[in-house]
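A.B. asks: Shown below is the structure under consideration.
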Protein chains: 2
Amino acid sequence: MTEQGFIQPLFTVDNVMFAINNARLYVLLVKRAIAPYHNNWSLPGGFVDIALDKDVEACAMRKLKQKTGLTPAYLEQLEVFSGADRDPRGYSVSLAFFALLPYTPVSSQINSVSHASWWPLDQLTQLTLAFDHQFIIAQAHQRLQQKALYSMLPVFCLPATFTVGQLKMVIETILGKDIQRKSLMRRIEASDMFTLTEQKQVSGGRQAQLYQLKPGVDITHFSRNMGA
Amino acid sequence: MTEQGFIQPLFTVDNVMFAINNARLYVLLVKRAIAPYHNNWSLPGGFVDIALDKDVEACAMRKLKQKTGLTPAYLEQLEVFSGADRDPRGYSVSLAFFALLPYTPVSSQINSVSHASWWPLDQLTQLTLAFDHQFIIAQAHQRLQQKALYSMLPVFCLPATFTVGQLKMVIETILGKDIQRKSLMRRIEASDMFTLTEQKQVSGGRQAQLYQLKPGVDITHFSRNMGA
DNA sequence: GAAATAGTGTCTTTGAGACACTATATG
DNA sequence: CATATAGTGTCTCAAAGACACTATTTC
């Protein structure tokens, strides 16, 4: 109850963390150890601990670390999902976050009661997820695709140092369609967000230039679209 | 307390409603009737009533109606602001909404304890607003400016039927800079979101075509930038 | 040399900026 | 008529798409 005498809704945080492995888009899920939706796969999240969490972003980071052992390279608020019917325990309000990380295997057994695991996005339709998490993931995926069109956000799916070919693969995986290598190179150049380093070889061919994010750059803004 | 034994943060909703009058951008504020920040101006908002509000959007609409008598033409989630220090009553989480409306005078005395009033955005620095509302408004303004560049959202600051000249004025007021009439007309054409009606005269000159939103159009998406 | 991947040159296409021009209204 | 606002024609400019070309590496 608040001072105003209202019953407060349950407030939770949920994280949709994406990574790319082998030209496929993965989402990080955890198996629920308690009711409701016991043993169903769900988004890693939970309640704010006002003693531990400076703000909701800190809460999201803490929950991810705690439940999956991973720390996102990028995190932003997605949207609030709310209503009386989305959680059987009662009226709930959940702030969903959208996160990116270079693919890292998860030690599937974090603690005695919960598993964490990467799931290919295109296989999620075969799972029954807890709450409205299927829908939240769909919204997050849409946001990821939009941002891949007009920002350099996809670099957070790559290590600190990466090649144009790798970034092209990541963007194409996110968008589900091919883009022009030339256009991408023009954007990298125009963005003025990256610097070169040495070299590196991948399979077969010529060695690729390695790029690196300039320190202190705000990567979230880029003015024009691509691929749409 | 939740089932998990945590103290839940206070969850509230705040609304940043914009309107344009006389080529100036206004924000709707209410004078607080209770502590904290008694008698300070603040964003209209409040606690969710789980019996009345289907979801947080419904809560935002209800609070606006209740505290200001107005119903927004457009409403979207802006961002969650949270932390231990933003509200003296304790750790709080506030979901801010961003709303647009054709300018409508408010009956300043909604009930015995609170006033609602439109304030020119450029005069807000002279006010001491409650909580972090000054900052929230700044974020909302930034969002409004961004969306004015790549979407047709500014039409929600106009009546159902409007002229290109009016829309140009609204966009210029939001952006704080002039845009090309020709570019705007190309965008209206390209968007395929509007239909023509009859005519209308404004001051002096030739009568302008009246445009109208096509039914069922999603106005929130438009691919390219303008003015940036 | 063949195959594979990296990177360039350059023509086309799209849409915005600039701005002069025409059109239609009022007094 | 002058003035004011509405709307068009069209050149330029910026950035993406398409795609053939060159470059460098492994086998």
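Numbering starts fresh at 1 for the residues of each chain in the structure tokens, the chains themselves are lettered A, B, ... in the order given, and ligands are numbered from 1 as they appear.
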Residues of chain C within 10 Å of chain B, counting only C-alpha atoms (C1' of nucleotides) - could you list those as a PyMOL selection string?

C.D. replies: chain C and resi 15-18+23-27

A.B. asks: Taking N, CA and C atoms (P, O5', C5', C4', C3', O3' and C1' of nucleotides) for each residue, export the selection above as a PDB file, in the first residue's frame.

C.D. replies:
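The new file out_1.pdb reads:
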```pdb
ATOM      1  P    DG C  15      12.288   7.865 -51.935  1.00  0.00           P
ATOM      2  O5'  DG C  15      12.701   9.144 -51.089  1.00  0.00           O
ATOM      3  C5'  DG C  15      13.665   9.029 -50.058  1.00  0.00           C
ATOM      4  C4'  DG C  15      14.262  10.390 -49.813  1.00  0.00           C
ATOM      5  C3'  DG C  15      13.235  11.536 -49.830  1.00  0.00           C
ATOM      6  O3'  DG C  15      13.563  12.449 -48.810  1.00  0.00           O
ATOM      7  C1'  DG C  15      14.960  12.033 -51.262  1.00  0.00           C
ATOM      8  P    DA C  16      12.513  13.384 -48.102  1.00  0.00           P
ATOM      9  O5'  DA C  16      13.434  14.584 -47.634  1.00  0.00           O
ATOM     10  C5'  DA C  16      14.592  14.304 -46.869  1.00  0.00           C
ATOM     11  C4'  DA C  16      15.650  15.349 -47.112  1.00  0.00           C
ATOM     12  C3'  DA C  16      15.153  16.780 -46.954  1.00  0.00           C
ATOM     13  O3'  DA C  16      16.088  17.493 -46.163  1.00  0.00           O
ATOM     14  C1'  DA C  16      16.129  16.491 -49.096  1.00  0.00           C
ATOM     15  P    DG C  17      15.789  19.016 -45.794  1.00  0.00           P
ATOM     16  O5'  DG C  17      16.661  19.811 -46.855  1.00  0.00           O
ATOM     17  C5'  DG C  17      18.081  19.803 -46.743  1.00  0.00           C
ATOM     18  C4'  DG C  17      18.675  20.898 -47.604  1.00  0.00           C
ATOM     19  C3'  DG C  17      18.048  22.277 -47.397  1.00  0.00           C
ATOM     20  O3'  DG C  17      19.087  23.245 -47.514  1.00  0.00           O
ATOM     21  C1'  DG C  17      17.785  21.636 -49.644  1.00  0.00           C
ATOM     22  P    DA C  18      18.750  24.806 -47.190  1.00  0.00           P
ATOM     23  O5'  DA C  18      18.847  25.510 -48.609  1.00  0.00           O
ATOM     24  C5'  DA C  18      19.700  24.997 -49.617  1.00  0.00           C
ATOM     25  C4'  DA C  18      19.476  25.769 -50.918  1.00  0.00           C
ATOM     26  C3'  DA C  18      18.789  27.126 -50.732  1.00  0.00           C
ATOM     27  O3'  DA C  18      19.380  28.048 -51.631  1.00  0.00           O
ATOM     28  C1'  DA C  18      17.509  25.793 -52.200  1.00  0.00           C
ATOM     29  P    DA C  23       0.274  29.839 -63.494  1.00  0.00           P
ATOM     30  O5'  DA C  23      -0.211  29.758 -61.979  1.00  0.00           O
ATOM     31  C5'  DA C  23      -0.467  28.483 -61.417  1.00  0.00           C
ATOM     32  C4'  DA C  23      -1.374  28.659 -60.212  1.00  0.00           C
ATOM     33  C3'  DA C  23      -2.644  29.482 -60.484  1.00  0.00           C
ATOM     34  O3'  DA C  23      -3.710  28.770 -59.882  1.00  0.00           O
ATOM     35  C1'  DA C  23      -1.462  30.403 -58.655  1.00  0.00           C
ATOM     36  P    DT C  24      -5.192  29.221 -60.140  1.00  0.00           P
ATOM     37  O5'  DT C  24      -5.510  29.969 -58.764  1.00  0.00           O
ATOM     38  C5'  DT C  24      -5.536  29.204 -57.564  1.00  0.00           C
ATOM     39  C4'  DT C  24      -5.777  30.132 -56.400  1.00  0.00           C
ATOM     40  C3'  DT C  24      -7.005  31.043 -56.549  1.00  0.00           C
ATOM     41  O3'  DT C  24      -7.632  31.103 -55.292  1.00  0.00           O
ATOM     42  C1'  DT C  24      -5.154  32.309 -56.021  1.00  0.00           C
ATOM     43  P    DA C  25      -9.223  31.151 -55.213  1.00  0.00           P
ATOM     44  O5'  DA C  25      -9.460  32.428 -54.300  1.00  0.00           O
ATOM     45  C5'  DA C  25      -9.449  32.296 -52.913  1.00  0.00           C
ATOM     46  C4'  DA C  25      -8.592  33.370 -52.269  1.00  0.00           C
ATOM     47  C3'  DA C  25      -9.216  34.762 -52.153  1.00  0.00           C
ATOM     48  O3'  DA C  25     -10.106  34.791 -51.058  1.00  0.00           O
ATOM     49  C1'  DA C  25      -6.846  34.821 -52.513  1.00  0.00           C
ATOM     50  P    DT C  26     -11.020  36.038 -50.879  1.00  0.00           P
ATOM     51  O5'  DT C  26     -10.022  37.138 -50.301  1.00  0.00           O
ATOM     52  C5'  DT C  26      -9.409  36.949 -49.011  1.00  0.00           C
ATOM     53  C4'  DT C  26      -8.687  38.232 -48.614  1.00  0.00           C
ATOM     54  C3'  DT C  26      -9.613  39.456 -48.627  1.00  0.00           C
ATOM     55  O3'  DT C  26      -9.515  40.151 -47.407  1.00  0.00           O
ATOM     56  C1'  DT C  26      -7.690  39.844 -49.994  1.00  0.00           C
ATOM     57  P    DG C  27     -10.605  41.278 -47.186  1.00  0.00           P
ATOM     58  O5'  DG C  27      -9.815  42.588 -47.641  1.00  0.00           O
ATOM     59  C5'  DG C  27      -8.694  43.037 -46.875  1.00  0.00           C
ATOM     60  C4'  DG C  27      -8.045  44.223 -47.579  1.00  0.00           C
ATOM     61  C3'  DG C  27      -9.006  45.381 -47.836  1.00  0.00           C
ATOM     62  O3'  DG C  27      -8.491  46.598 -47.340  1.00  0.00           O
ATOM     63  C1'  DG C  27      -7.861  44.782 -49.833  1.00  0.00           C
TER      64       DG C  27
END
```

A.B. asks: Show me, as a PDB file with N, CA, C and O atoms (P, O5', C5', C4', C3', O3' and C1' of nucleotides), in the first residue's frame, the residues of chain D whose atoms get within 10 Å of chain B, using only C-alpha atoms (C1' of nucleotides) for the distance check.

C.D. replies:
```pdb
ATOM      1  P    DT D   3       3.557  46.193 -52.053  1.00  0.00           P
ATOM      2  O5'  DT D   3       2.827  45.034 -51.250  1.00  0.00           O
ATOM      3  C5'  DT D   3       1.651  45.332 -50.468  1.00  0.00           C
ATOM      4  C4'  DT D   3       1.037  44.034 -49.975  1.00  0.00           C
ATOM      5  C3'  DT D   3       2.063  43.023 -49.452  1.00  0.00           C
ATOM      6  O3'  DT D   3       1.631  42.596 -48.186  1.00  0.00           O
ATOM      7  C1'  DT D   3       0.552  41.984 -50.913  1.00  0.00           C
ATOM      8  P    DA D   4       2.681  41.854 -47.165  1.00  0.00           P
ATOM      9  O5'  DA D   4       1.974  40.452 -46.927  1.00  0.00           O
ATOM     10  C5'  DA D   4       0.587  40.382 -46.620  1.00  0.00           C
ATOM     11  C4'  DA D   4       0.077  39.020 -47.024  1.00  0.00           C
ATOM     12  C3'  DA D   4       1.049  37.886 -46.676  1.00  0.00           C
ATOM     13  O3'  DA D   4       0.398  36.936 -45.859  1.00  0.00           O
ATOM     14  C1'  DA D   4       0.227  37.660 -48.869  1.00  0.00           C
ATOM     15  P    DT D   5       1.285  36.014 -44.872  1.00  0.00           P
ATOM     16  O5'  DT D   5       0.801  34.539 -45.206  1.00  0.00           O
ATOM     17  C5'  DT D   5      -0.582  34.272 -45.393  1.00  0.00           C
ATOM     18  C4'  DT D   5      -0.747  33.323 -46.549  1.00  0.00           C
ATOM     19  C3'  DT D   5       0.096  32.050 -46.457  1.00  0.00           C
ATOM     20  O3'  DT D   5      -0.783  30.941 -46.337  1.00  0.00           O
ATOM     21  C1'  DT D   5       0.026  32.932 -48.654  1.00  0.00           C
ATOM     22  P    DA D   6      -0.315  29.406 -46.431  1.00  0.00           P
ATOM     23  O5'  DA D   6      -0.532  29.083 -47.976  1.00  0.00           O
ATOM     24  C5'  DA D   6      -1.845  29.150 -48.514  1.00  0.00           C
ATOM     25  C4'  DA D   6      -1.954  28.346 -49.790  1.00  0.00           C
ATOM     26  C3'  DA D   6      -1.298  26.972 -49.731  1.00  0.00           C
ATOM     27  O3'  DA D   6      -2.178  26.050 -50.366  1.00  0.00           O
ATOM     28  C1'  DA D   6      -0.286  28.292 -51.438  1.00  0.00           C
ATOM     29  P    DG D   7      -1.801  24.517 -50.519  1.00  0.00           P
ATOM     30  O5'  DG D   7      -0.872  24.549 -51.795  1.00  0.00           O
ATOM     31  C5'  DG D   7      -1.437  24.516 -53.107  1.00  0.00           C
ATOM     32  C4'  DG D   7      -0.324  24.568 -54.106  1.00  0.00           C
ATOM     33  C3'  DG D   7       0.601  23.342 -54.147  1.00  0.00           C
ATOM     34  O3'  DG D   7       0.441  22.714 -55.405  1.00  0.00           O
ATOM     35  C1'  DG D   7       1.793  25.360 -54.347  1.00  0.00           C
ATOM     36  P    DT D   8       1.383  21.524 -55.908  1.00  0.00           P
ATOM     37  O5'  DT D   8       2.378  22.293 -56.900  1.00  0.00           O
ATOM     38  C5'  DT D   8       1.837  22.994 -58.024  1.00  0.00           C
ATOM     39  C4'  DT D   8       2.937  23.326 -59.022  1.00  0.00           C
ATOM     40  C3'  DT D   8       3.796  22.141 -59.451  1.00  0.00           C
ATOM     41  O3'  DT D   8       4.089  22.316 -60.839  1.00  0.00           O
ATOM     42  C1'  DT D   8       5.180  23.782 -58.495  1.00  0.00           C
TER      43       DT D   8
END
```

A.B. asks: Select all residues from chain A having any atom no more than 6 Å from an atom of chain B (counting only C-alpha atoms, ignoring ligands), output as JSON, numbers by chain.

C.D. replies: {"A": [54, 55, 82, 83]}

A.B. asks: Quick one: write out the picked residues with N, CA, C and O atoms as a PDB file, in the first residue's frame?

C.D. replies:
```
ATOM      1  N   LYS A  54      20.977   0.843  -7.682  1.00  0.00           N
ATOM      2  CA  LYS A  54      20.960   2.306  -7.788  1.00  0.00           C
ATOM      3  C   LYS A  54      19.734   2.789  -8.567  1.00  0.00           C
ATOM      4  O   LYS A  54      19.123   3.795  -8.228  1.00  0.00           O
ATOM      5  N   ASP A  55      19.450   2.086  -9.648  1.00  0.00           N
ATOM      6  CA  ASP A  55      18.273   2.410 -10.448  1.00  0.00           C
ATOM      7  C   ASP A  55      17.860   1.146 -11.204  1.00  0.00           C
ATOM      8  O   ASP A  55      18.474   0.080 -11.018  1.00  0.00           O
ATOM      9  N   SER A  82       2.327  -4.156 -19.026  1.00  0.00           N
ATOM     10  CA  SER A  82       1.556  -4.070 -17.789  1.00  0.00           C
ATOM     11  C   SER A  82       0.143  -4.587 -17.969  1.00  0.00           C
ATOM     12  O   SER A  82      -0.348  -4.711 -19.088  1.00  0.00           O
ATOM     13  N   GLY A  83      -0.500  -4.874 -16.849  1.00  0.00           N
ATOM     14  CA  GLY A  83      -1.892  -5.302 -16.884  1.00  0.00           C
ATOM     15  C   GLY A  83      -2.193  -6.326 -15.802  1.00  0.00           C
ATOM     16  O   GLY A  83      -1.292  -6.810 -15.111  1.00  0.00           O
TER      17      GLY A  83
END
```

A.B. asks: Please provide as a list of chain:residue names all residues within 9 Å of B:Ile174, with the sequence filter that same-chain residues fewer than 2 positions apart are discarded (counting only C-alpha atoms (C1' of nucleotides)).

C.D. replies: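 The contact residues come out as B:Ile20, B:Ala23, B:Arg24, B:Leu25, B:His141, B:Leu144, B:Gln145, B:Ala148, B:Pro154, B:Met169, B:Val170, B:Ile171, B:Glu172, B:Gly176, B:Lys177.
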
A.B. asks: Please produce an output containing N, CA and C atoms for each residue in the selection, written as a PDB file, in the first residue's frame.

C.D. replies:
```pdb
ATOM      1  N   ILE B  20       0.925  23.209 -29.071  1.00  0.00           N
ATOM      2  CA  ILE B  20       1.502  24.396 -29.692  1.00  0.00           C
ATOM      3  C   ILE B  20       0.450  25.479 -29.821  1.00  0.00           C
ATOM      4  N   ALA B  23       2.683  29.595 -32.309  1.00  0.00           N
ATOM      5  CA  ALA B  23       4.065  29.276 -32.669  1.00  0.00           C
ATOM      6  C   ALA B  23       4.995  29.142 -31.474  1.00  0.00           C
ATOM      7  N   ARG B  24       4.428  28.707 -30.358  1.00  0.00           N
ATOM      8  CA  ARG B  24       5.254  28.396 -29.180  1.00  0.00           C
ATOM      9  C   ARG B  24       4.868  27.035 -28.651  1.00  0.00           C
ATOM     10  N   LEU B  25       5.866  26.349 -28.104  1.00  0.00           N
ATOM     11  CA  LEU B  25       5.651  25.014 -27.567  1.00  0.00           C
ATOM     12  C   LEU B  25       5.331  25.118 -26.080  1.00  0.00           C
ATOM     13  N   HIS B 141      11.260  16.505 -24.634  1.00  0.00           N
ATOM     14  CA  HIS B 141      11.434  17.481 -25.704  1.00  0.00           C
ATOM     15  C   HIS B 141      12.401  16.950 -26.764  1.00  0.00           C
ATOM     16  N   LEU B 144      10.609  14.438 -28.801  1.00  0.00           N
ATOM     17  CA  LEU B 144       9.685  15.103 -29.710  1.00  0.00           C
ATOM     18  C   LEU B 144      10.428  15.652 -30.915  1.00  0.00           C
ATOM     19  N   GLN B 145      11.575  16.259 -30.677  1.00  0.00           N
ATOM     20  CA  GLN B 145      12.355  16.812 -31.784  1.00  0.00           C
ATOM     21  C   GLN B 145      12.846  15.724 -32.723  1.00  0.00           C
ATOM     22  N   ALA B 148       9.974  14.460 -34.761  1.00  0.00           N
ATOM     23  CA  ALA B 148       9.526  15.444 -35.747  1.00  0.00           C
ATOM     24  C   ALA B 148      10.379  15.370 -37.011  1.00  0.00           C
ATOM     25  N   PRO B 154       3.951  15.225 -35.526  1.00  0.00           N
ATOM     26  CA  PRO B 154       3.466  16.570 -35.226  1.00  0.00           C
ATOM     27  C   PRO B 154       2.024  16.839 -35.651  1.00  0.00           C
ATOM     28  N   MET B 169       4.349  25.113 -39.635  1.00  0.00           N
ATOM     29  CA  MET B 169       4.544  25.943 -38.442  1.00  0.00           C
ATOM     30  C   MET B 169       4.785  25.077 -37.212  1.00  0.00           C
ATOM     31  N   VAL B 170       4.005  24.017 -37.067  1.00  0.00           N
ATOM     32  CA  VAL B 170       4.140  23.127 -35.905  1.00  0.00           C
ATOM     33  C   VAL B 170       5.525  22.484 -35.876  1.00  0.00           C
ATOM     34  N   ILE B 171       5.952  21.959 -37.013  1.00  0.00           N
ATOM     35  CA  ILE B 171       7.264  21.305 -37.067  1.00  0.00           C
ATOM     36  C   ILE B 171       8.381  22.303 -36.783  1.00  0.00           C
ATOM     37  N   GLU B 172       8.252  23.489 -37.357  1.00  0.00           N
ATOM     38  CA  GLU B 172       9.285  24.504 -37.127  1.00  0.00           C
ATOM     39  C   GLU B 172       9.340  24.930 -35.666  1.00  0.00           C
ATOM     40  N   GLY B 176      12.569  24.284 -33.696  1.00  0.00           N
ATOM     41  CA  GLY B 176      13.239  25.543 -33.447  1.00  0.00           C
ATOM     42  C   GLY B 176      14.024  26.025 -34.653  1.00  0.00           C
ATOM     43  N   LYS B 177      13.641  25.560 -35.847  1.00  0.00           N
ATOM     44  CA  LYS B 177      14.285  26.040 -37.059  1.00  0.00           C
ATOM     45  C   LYS B 177      13.352  25.844 -38.251  1.00  0.00           C
TER      46      LYS B 177
END
```

A.B. asks: Which polymer residues have any atom within 8 Å of an atom of A:Pro102, counting only C-alpha atoms (C1' of nucleotides), with same-chain residues fewer than 6 positions away left out, as a list in words?

C.D. replies: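 Residues meeting the cut-off are Ala19, Ile20, Ala73, Phe156, Cys157, Leu158 and Pro159 of chain A.
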
A.B. asks: Mind listing the strand (DSSP E) residues of stretch 143-224 of chain B, per DSSP on the backbone, as a VMD selection string?

C.D. replies: chain B and resid 161 to 162 194 to 196 211 to 213

A.B. asks: Could you write out, as a PyMOL selection string, all the residues of stretch 80-222 of chain A that DSSP marks as helix (DSSP H, G or I)?

C.D. replies: chain A and resi 121-126+133-150+153-157+164-175+181-191

A.B. asks: What is the distance, in Å and to one decimal place, between atom CA of B:Lys168 and atom CA of B:Pro105?

C.D. replies: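 Going from atom CA of B:Lys168 over to atom CA of B:Pro105, I get 22.3 Å.
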
A.B. asks: Please list as an MDAnalysis selection string every residue within 8 Å of A:Gln212, counting only C-alpha atoms (C1' of nucleotides) and excluding residues in the same chain fewer than 4 positions away.

C.D. replies: chainID A and resid 160:162 194:197

A.B. asks: Can I get the selection written as a PDB file, in the first residue's frame, with N, CA, C and O atoms?

C.D. replies:
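That gives us selection.pdb:
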```pdb
ATOM      1  N   ALA A 160      35.701  -6.209 -29.004  1.00  0.00           N
ATOM      2  CA  ALA A 160      36.141  -4.813 -29.036  1.00  0.00           C
ATOM      3  C   ALA A 160      36.790  -4.459 -30.366  1.00  0.00           C
ATOM      4  O   ALA A 160      36.796  -3.311 -30.795  1.00  0.00           O
ATOM      5  N   THR A 161      37.342  -5.462 -31.013  1.00  0.00           N
ATOM      6  CA  THR A 161      38.021  -5.244 -32.275  1.00  0.00           C
ATOM      7  C   THR A 161      37.400  -6.196 -33.296  1.00  0.00           C
ATOM      8  O   THR A 161      37.187  -7.370 -33.018  1.00  0.00           O
ATOM      9  N   PHE A 162      37.038  -5.650 -34.455  1.00  0.00           N
ATOM     10  CA  PHE A 162      36.235  -6.439 -35.388  1.00  0.00           C
ATOM     11  C   PHE A 162      36.499  -6.004 -36.825  1.00  0.00           C
ATOM     12  O   PHE A 162      37.018  -4.904 -37.064  1.00  0.00           O
ATOM     13  N   PHE A 194      34.962   4.996 -35.387  1.00  0.00           N
ATOM     14  CA  PHE A 194      35.903   3.881 -35.276  1.00  0.00           C
ATOM     15  C   PHE A 194      37.290   4.267 -35.758  1.00  0.00           C
ATOM     16  O   PHE A 194      37.456   5.160 -36.595  1.00  0.00           O
ATOM     17  N   THR A 195      38.274   3.556 -35.227  1.00  0.00           N
ATOM     18  CA  THR A 195      39.644   3.712 -35.718  1.00  0.00           C
ATOM     19  C   THR A 195      40.168   2.352 -36.159  1.00  0.00           C
ATOM     20  O   THR A 195      39.657   1.309 -35.745  1.00  0.00           O
ATOM     21  N   LEU A 196      41.202   2.401 -36.993  1.00  0.00           N
ATOM     22  CA  LEU A 196      41.815   1.166 -37.459  1.00  0.00           C
ATOM     23  C   LEU A 196      42.853   0.649 -36.478  1.00  0.00           C
ATOM     24  O   LEU A 196      43.322   1.382 -35.615  1.00  0.00           O
ATOM     25  N   THR A 197      43.205  -0.617 -36.605  1.00  0.00           N
ATOM     26  CA  THR A 197      44.328  -1.167 -35.837  1.00  0.00           C
ATOM     27  C   THR A 197      45.228  -1.949 -36.784  1.00  0.00           C
ATOM     28  O   THR A 197      45.572  -1.445 -37.845  1.00  0.00           O
TER      29      THR A 197
END
```

A.B. asks: Find the spatial neighbours of A:Ala140, counting only C-alpha atoms (C1' of nucleotides), within a cut-off of 12 Å - ignore same-chain residues fewer than 6 positions away - and output them as a ChimeraX atom specification.

C.D. replies: /A:14-18,27,43,75-80,95-100,121,133-134,146-147,174

A.B. asks: Suppose you want the space between atom CA of B:Met193 and atom CA of B:Ile219; what is it in Å?

C.D. replies: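 Distance between the two atoms: 7.2 Å.
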